[in-house]
file work_20.txt (compact mmCIF, C-alpha atoms)
# COMPACT_ATOMS: atom_id res chain seq x y z
CA MET A 1 -21.14 3.54 -19.47
CA SER A 2 -19.74 4.40 -16.05
CA VAL A 3 -22.09 5.82 -13.46
CA TYR A 4 -20.94 8.11 -10.68
CA PRO A 5 -23.19 7.31 -7.70
CA LEU A 6 -24.36 10.36 -5.81
CA GLU A 7 -25.26 8.55 -2.58
CA LEU A 8 -21.95 8.47 -0.76
CA ASP A 9 -23.13 7.42 2.70
CA ILE A 10 -25.60 4.56 2.33
CA THR A 11 -25.65 1.09 3.84
CA SER A 12 -24.96 -1.46 1.13
CA VAL A 13 -23.22 -4.42 2.86
CA ASN A 14 -24.75 -6.78 5.39
CA VAL A 15 -22.23 -7.27 8.22
CA SER A 16 -23.65 -9.86 10.59
CA SER A 17 -22.62 -9.84 14.24
CA GLN A 18 -20.85 -13.18 13.72
CA ALA A 19 -18.90 -11.88 10.70
CA ALA A 20 -18.00 -8.73 12.60
CA LYS A 21 -16.76 -10.74 15.58
CA ARG A 22 -14.56 -12.91 13.34
CA LEU A 23 -13.12 -9.84 11.65
CA ARG A 24 -12.35 -8.29 15.02
CA ILE A 25 -10.45 -11.39 16.14
CA PHE A 26 -8.75 -11.60 12.74
CA ASN A 27 -7.49 -8.01 13.01
CA ALA A 28 -6.27 -8.53 16.58
CA VAL A 29 -4.34 -11.68 15.60
CA MET A 30 -2.78 -9.91 12.61
CA GLY A 31 -1.77 -7.05 14.86
CA VAL A 32 0.03 -9.45 17.20
CA LEU A 33 1.83 -11.14 14.29
CA HIS A 34 2.95 -7.82 12.80
CA LEU A 35 4.11 -6.65 16.21
CA ALA A 36 6.11 -9.85 16.73
CA SER A 37 7.68 -9.62 13.27
CA GLY A 38 8.62 -5.97 13.73
CA SER A 39 10.06 -6.70 17.18
CA ALA A 40 12.20 -9.47 15.71
CA MET A 41 13.58 -6.97 13.20
CA VAL A 42 14.47 -4.54 15.97
CA ALA A 43 16.25 -7.34 17.84
CA LEU A 44 18.21 -8.36 14.72
CA SER A 45 19.01 -4.82 13.57
CA ASN A 46 22.51 -3.43 13.48
CA ASP A 47 23.92 -0.02 12.64
CA PHE A 48 23.46 -0.43 8.87
CA THR A 49 22.13 2.80 7.37
CA LEU A 50 21.34 4.24 3.95
CA PRO A 51 22.05 7.90 3.14
CA VAL A 52 19.59 10.58 2.09
CA SER A 53 21.32 13.37 0.19
CA THR A 54 21.05 16.49 -1.94
CA PHE A 55 23.03 17.55 -5.00
CA ALA A 56 24.64 20.99 -4.98
CA LEU A 57 25.73 22.71 -8.20
CA ASN A 58 29.12 24.42 -8.37
CA GLY A 59 28.17 26.66 -11.28
CA PRO A 60 25.46 27.57 -13.80
CA PRO A 61 23.35 24.56 -14.89
CA GLY A 62 24.51 23.00 -18.14
CA THR A 63 28.11 24.21 -17.91
CA PRO A 64 31.24 22.23 -17.01
CA LEU A 65 31.26 24.06 -13.69
CA SER A 66 27.86 22.59 -12.85
CA GLN A 67 29.40 19.24 -11.94
CA GLY A 68 28.37 19.50 -8.34
CA VAL A 69 28.79 17.48 -5.21
CA THR A 70 26.50 15.18 -3.27
CA ASN A 71 25.81 16.40 0.24
CA PRO A 72 24.58 13.96 2.90
CA VAL A 73 21.48 15.14 4.76
CA PHE A 74 20.84 12.26 7.17
CA ASP A 75 21.10 8.49 7.36
CA VAL A 76 18.14 6.12 7.59
CA PRO A 77 18.64 3.09 9.89
CA LEU A 78 17.20 0.49 7.54
CA GLY A 79 16.38 -2.13 10.16
CA ILE A 80 14.41 0.22 12.42
CA ALA A 81 12.67 1.90 9.46
CA THR A 82 11.57 -1.47 8.07
CA ALA A 83 10.31 -2.55 11.49
CA LEU A 84 8.30 0.71 11.64
CA PHE A 85 6.50 -0.41 8.49
CA LEU A 86 5.22 -3.46 10.37
CA PHE A 87 4.54 -1.52 13.55
CA LEU A 88 2.25 0.84 11.61
CA SER A 89 0.27 -2.14 10.37
CA ALA A 90 0.09 -3.58 13.89
CA PHE A 91 -1.13 -0.25 15.29
CA PHE A 92 -4.01 0.03 12.84
CA HIS A 93 -5.06 -3.61 13.33
CA PHE A 94 -5.18 -2.99 17.09
CA LEU A 95 -7.02 0.31 16.53
CA ILE A 96 -9.69 -1.48 14.48
CA ALA A 97 -10.08 -4.16 17.17
CA SER A 98 -10.25 -1.60 19.99
CA PRO A 99 -13.49 -0.55 21.73
CA TRP A 100 -13.22 2.85 20.04
CA GLY A 101 -12.35 1.66 16.57
CA PHE A 102 -14.43 -1.49 16.17
CA PRO A 103 -17.93 0.10 15.97
CA ARG A 104 -16.59 2.61 13.46
CA TYR A 105 -14.93 -0.18 11.48
CA VAL A 106 -18.20 -2.15 11.25
CA ASP A 107 -20.04 1.01 10.19
CA GLU A 108 -17.44 1.57 7.47
CA LEU A 109 -17.79 -1.99 6.17
CA SER A 110 -21.58 -1.74 6.11
CA LYS A 111 -21.15 1.14 3.66
CA GLY A 112 -18.73 -0.76 1.43
CA ARG A 113 -15.56 1.04 2.47
CA ASN A 114 -12.79 1.09 5.07
CA ARG A 115 -11.07 4.42 5.54
CA PHE A 116 -8.90 2.97 8.31
CA ARG A 117 -7.23 0.90 5.59
CA TRP A 118 -6.43 3.82 3.30
CA ILE A 119 -4.99 5.97 6.09
CA GLU A 120 -2.71 3.11 7.14
CA TYR A 121 -1.66 2.32 3.57
CA SER A 122 -0.86 5.97 2.87
CA LEU A 123 1.67 5.82 5.71
CA SER A 124 3.03 2.27 5.59
CA SER A 125 3.21 1.71 1.82
CA THR A 126 4.78 5.13 1.30
CA LEU A 127 7.44 4.29 3.88
CA MET A 128 8.05 0.99 2.07
CA ILE A 129 8.38 2.59 -1.39
CA VAL A 130 10.90 5.07 0.03
CA LEU A 131 12.91 2.24 1.61
CA ILE A 132 12.86 0.24 -1.63
CA SER A 133 14.10 3.34 -3.47
CA LEU A 134 16.92 3.79 -0.97
CA VAL A 135 17.95 0.15 -1.35
CA LEU A 136 18.17 0.70 -5.12
CA GLY A 137 20.41 3.72 -4.59
CA ILE A 138 17.87 6.51 -5.12
CA SER A 139 19.02 8.77 -2.31
CA ASP A 140 18.21 12.33 -3.43
CA ILE A 141 15.75 13.84 -0.97
CA ALA A 142 13.74 15.60 -3.69
CA ALA A 143 13.36 12.35 -5.64
CA LEU A 144 12.27 10.49 -2.50
CA ILE A 145 9.68 13.16 -1.69
CA GLY A 146 8.32 12.98 -5.24
CA LEU A 147 8.12 9.18 -5.17
CA GLY A 148 6.44 9.28 -1.78
CA ILE A 149 3.81 11.80 -2.88
CA ALA A 150 3.10 9.73 -6.01
CA ASN A 151 2.48 6.71 -3.77
CA VAL A 152 0.22 8.68 -1.42
CA SER A 153 -1.77 9.80 -4.48
CA MET A 154 -2.19 6.17 -5.52
CA ILE A 155 -3.58 5.30 -2.09
CA LEU A 156 -5.94 8.28 -2.06
CA PHE A 157 -7.33 7.22 -5.43
CA GLY A 158 -8.05 3.82 -3.85
CA TRP A 159 -9.89 5.63 -1.04
CA LEU A 160 -11.87 7.61 -3.64
CA MET A 161 -12.73 4.40 -5.50
CA GLU A 162 -14.44 3.03 -2.40
CA MET A 163 -16.09 6.28 -1.36
CA SER A 164 -17.59 6.92 -4.80
CA ASN A 165 -18.84 3.34 -5.30
CA ASN A 166 -20.04 2.40 -1.84
CA GLY A 167 -23.66 2.19 -2.98
CA LEU A 168 -22.90 -0.46 -5.61
CA MET A 169 -22.29 -3.46 -3.37
CA HIS A 170 -25.60 -5.19 -4.17
CA GLY A 171 -26.22 -7.31 -7.25
CA LYS A 172 -23.82 -9.45 -9.28
CA PHE A 173 -21.39 -9.35 -12.16
CA GLY A 174 -20.06 -5.86 -11.60
CA ARG A 175 -23.47 -4.15 -11.41
CA SER A 176 -25.60 -2.90 -8.55
CA SER A 177 -29.17 -4.03 -8.00
CA ARG A 178 -30.19 -1.00 -10.10
CA GLY A 179 -27.97 -2.00 -12.99
CA GLU A 180 -25.28 0.59 -12.30
CA ARG A 181 -21.65 -0.10 -13.03
CA PRO A 182 -18.74 0.96 -10.79
CA TRP A 183 -17.02 4.25 -11.54
CA TRP A 184 -13.54 3.02 -12.48
CA THR A 185 -11.80 6.36 -13.08
CA PRO A 186 -10.25 6.60 -9.57
CA PHE A 187 -8.87 3.06 -9.89
CA TRP A 188 -7.15 3.72 -13.23
CA PHE A 189 -5.84 7.10 -12.09
CA GLY A 190 -4.42 5.32 -9.04
CA CYS A 191 -2.68 2.80 -11.29
CA ILE A 192 -1.06 5.67 -13.23
CA ALA A 193 0.14 7.32 -10.02
CA GLY A 194 1.33 3.99 -8.61
CA VAL A 195 3.44 3.03 -11.61
CA GLY A 196 5.60 6.16 -11.18
CA PRO A 197 7.87 4.94 -8.35
CA TRP A 198 8.38 1.56 -10.02
CA LEU A 199 9.12 3.13 -13.39
CA ALA A 200 11.67 5.37 -11.67
CA ALA A 201 13.28 2.34 -10.03
CA ALA A 202 13.45 0.42 -13.33
CA VAL A 203 14.95 3.36 -15.22
CA TYR A 204 17.44 3.95 -12.42
CA LEU A 205 18.66 0.36 -12.57
CA ILE A 206 18.85 0.28 -16.38
CA VAL A 207 20.69 3.59 -16.69
CA ASN A 208 23.17 2.80 -13.92
CA VAL A 209 24.02 -0.56 -15.44
CA GLY A 210 24.75 1.21 -18.73
CA VAL A 211 27.14 3.68 -17.12
CA GLU A 212 30.82 2.99 -17.76
CA GLY A 213 32.14 0.89 -14.90
CA GLY A 214 28.65 0.22 -13.59
CA GLU A 215 28.19 -3.49 -13.09
CA GLY A 216 24.76 -3.21 -11.54
CA PRO A 217 23.38 -5.40 -8.78
CA PRO A 218 23.70 -9.20 -8.71
CA GLY A 219 21.15 -11.16 -10.72
CA PHE A 220 19.12 -12.24 -7.70
CA VAL A 221 18.36 -8.58 -6.92
CA TYR A 222 16.27 -8.34 -10.07
CA GLY A 223 14.24 -11.31 -8.89
CA ILE A 224 13.68 -9.58 -5.57
CA ILE A 225 12.54 -6.38 -7.32
CA VAL A 226 10.03 -8.34 -9.41
CA SER A 227 8.66 -10.10 -6.33
CA LEU A 228 8.44 -6.79 -4.45
CA PHE A 229 6.47 -5.34 -7.37
CA VAL A 230 4.06 -8.29 -7.38
CA PHE A 231 3.48 -8.22 -3.63
CA PHE A 232 3.14 -4.44 -3.57
CA ASN A 233 0.50 -4.42 -6.31
CA SER A 234 -1.48 -7.45 -5.11
CA PHE A 235 -3.62 -5.00 -3.12
CA ALA A 236 -4.75 -3.30 -6.35
CA ILE A 237 -5.68 -6.68 -7.82
CA ASN A 238 -7.85 -7.36 -4.79
CA GLN A 239 -9.73 -4.09 -5.27
CA TRP A 240 -10.18 -4.85 -8.97
CA LEU A 241 -11.71 -8.23 -8.07
CA GLN A 242 -14.02 -6.54 -5.56
CA TYR A 243 -15.54 -4.18 -8.07
CA LYS A 244 -15.57 -6.70 -10.90
CA ARG A 245 -17.54 -8.91 -8.47
CA MET A 246 -15.52 -11.98 -9.47
CA GLY A 247 -16.57 -15.22 -7.76
CA ARG A 248 -16.45 -14.90 -3.98
CA TRP A 249 -15.62 -11.21 -4.35
CA GLN A 250 -19.30 -10.57 -5.02
CA ASN A 251 -19.36 -10.25 -1.24
CA TYR A 252 -17.51 -7.09 -0.18
CA LEU A 253 -16.34 -8.79 3.02
CA THR A 254 -14.38 -11.34 0.97
CA GLY A 255 -12.26 -8.47 -0.32
CA GLU A 256 -11.90 -7.12 3.21
CA ARG A 257 -10.62 -10.48 4.46
CA ALA A 258 -8.25 -10.65 1.49
CA TYR A 259 -6.85 -7.22 2.42
CA ILE A 260 -6.19 -8.50 5.94
CA VAL A 261 -4.45 -11.64 4.66
CA LEU A 262 -2.37 -9.57 2.24
CA SER A 263 -1.54 -7.27 5.13
CA LEU A 264 0.23 -10.19 6.75
CA ILE A 265 1.65 -12.20 3.84
CA ALA A 266 2.54 -9.52 1.28
CA LYS A 267 3.71 -6.94 3.83
CA SER A 268 5.81 -9.48 5.72
CA LEU A 269 7.50 -10.68 2.54
CA LEU A 270 8.09 -7.10 1.43
CA ALA A 271 9.52 -6.12 4.80
CA TRP A 272 11.81 -9.11 5.26
CA GLN A 273 13.22 -8.85 1.75
CA VAL A 274 14.10 -5.22 2.38
CA PHE A 275 15.39 -6.08 5.86
CA ALA A 276 17.72 -8.71 4.38
CA ASN A 277 19.89 -5.81 3.23
CA VAL A 278 20.57 -5.04 6.89
CA LEU A 279 22.03 -8.50 7.47
CA VAL A 280 23.99 -8.43 4.21
CA GLY A 281 25.18 -4.91 4.90
call {"tool": "encode", "arguments": {"input": "work_20.txt", "output": "structure tokens"}}
result
Amino acid sequence: MSVYPLELDITSVNVSSQAAKRLRIFNAVMGVLHLASGSAMVALSNDFTLPVSTFALNGPPGTPLSQGVTNPVFDVPLGIATALFLFLSAFFHFLIASPWGFPRYVDELSKGRNRFRWIEYSLSSTLMIVLISLVLGISDIAALIGLGIANVSMILFGWLMEMSNNGLMHGKFGRSSRGERPWWTPFWFGCIAGVGPWLAAAVYLIVNVGVEGGEGPPGFVYGIIVSLFVFFNSFAINQWLQYKRMGRWQNYLTGERAYIVLSLIAKSLLAWQVFANVLVG
């Protein structure tokens, strides 16, 4: 039976000064690497853009006259937008390592949460899901807004998962020292919200391939989409391991270090695979 903990602001994780110092250095190094990677993208960028558009009806919906036209709204410079994804990550790593952010970061960790992370993810991962959608040809501005909001909802459910379970970081095997289990509802609701953009992308590809004259993308593109999906959702797996208290994840700080590593590896692979379209284009 799930328990919703009422204490939402209690210290539950021991963050030693040595562990805190290592995490500060770790964040600073990751910030430098993200900044360097994003700067390389800016240097390699060209004028390749992807359009954002609307669809205007020429008559009443459902009639032959309703075959409307696509109107361009603006173009997104893919190289710069992808670099921005990495620059956002660099900014938040530097913010955490800063004199202002570091004490607050340690206080967050001691309570089994990190709101810096969820604010950054709500911005950077939403930008990435929009860019992936554009690469797949989803250009309608209303669709992009909907996909972006769905992704923000997923991130906010992750935030809620930490905030509502921050008193359960003692004990082993998915229970607190008082025998309480984590409240999993936010996690599963986040999974439902997060599958939306990927389901839209899959349906878009399948339907377009079935259209007369639609050949679809080359085979390797499907491999890229699968790898993007895996990298994108590796963050959710890390949170699941944290609250299942699997192996080393019994220590909350193991999950925090894993988030930082994923921030470099998964985000870099995501970004460079999307950026490859700039060079091809």
call {"tool": "closest_residue", "arguments": {"input": "work_20.txt", "among": "A:Arg104, A:Ala258, A:Pro197, A:Val73", "to": "Ile132 of chain A", "atoms": "only C-alpha atoms"}}
result
A:Pro197
call {"tool": "atom_distance", "arguments": {"input": "work_20.txt", "atom1": "atom CA of Val230 of chain A", "atom2": "atom CA of Val274 of chain A"}}
result
14.3 Å
call {"tool": "closest_residue", "arguments": {"input": "work_20.txt", "among": "A:Trp272, A:Trp159, A:Trp188, A:Tyr259", "to": "His93 of chain A", "atoms": "only C-alpha atoms"}}
result
A:Tyr259
call {"tool": "atom_distance", "arguments": {"input": "work_20.txt", "atom1": "atom CA of Gly158 of chain A", "atom2": "atom CA of Pro186 of chain A"}}
result
6.7 Å
call {"tool": "closest_residue", "arguments": {"input": "work_20.txt", "among": "A:Phe231, A:Phe26, A:Tyr243, A:Phe275", "to": "Ser125 of chain A", "atoms": "all atoms listed in the file"}}
result
A:Phe231
call {"tool": "atom_distance", "arguments": {"input": "work_20.txt", "atom1": "atom CA of Ala81 of chain A", "atom2": "atom CA of Phe102 of chain A"}}
result
28.1 Å
call {"tool": "residues_around", "arguments": {"input": "work_20.txt", "residues": "Asn233 of chain A", "least_positions_apart": "4", "cutoff": "12 Å", "atoms": "all atoms listed in the file", "output": "list of chain:residue names"}}
result
A:Ser125, A:Ile129, A:Asn151, A:Met154, A:Ile155, A:Gly190, A:Cys191, A:Gly194, A:Val195, A:Trp198, A:Val226, A:Ser227, A:Leu228, A:Phe229, A:Ile237, A:Asn238, A:Gln239, A:Trp240, A:Tyr259, A:Leu262, A:Ser263, A:Ala266, A:Lys267, A:Leu270
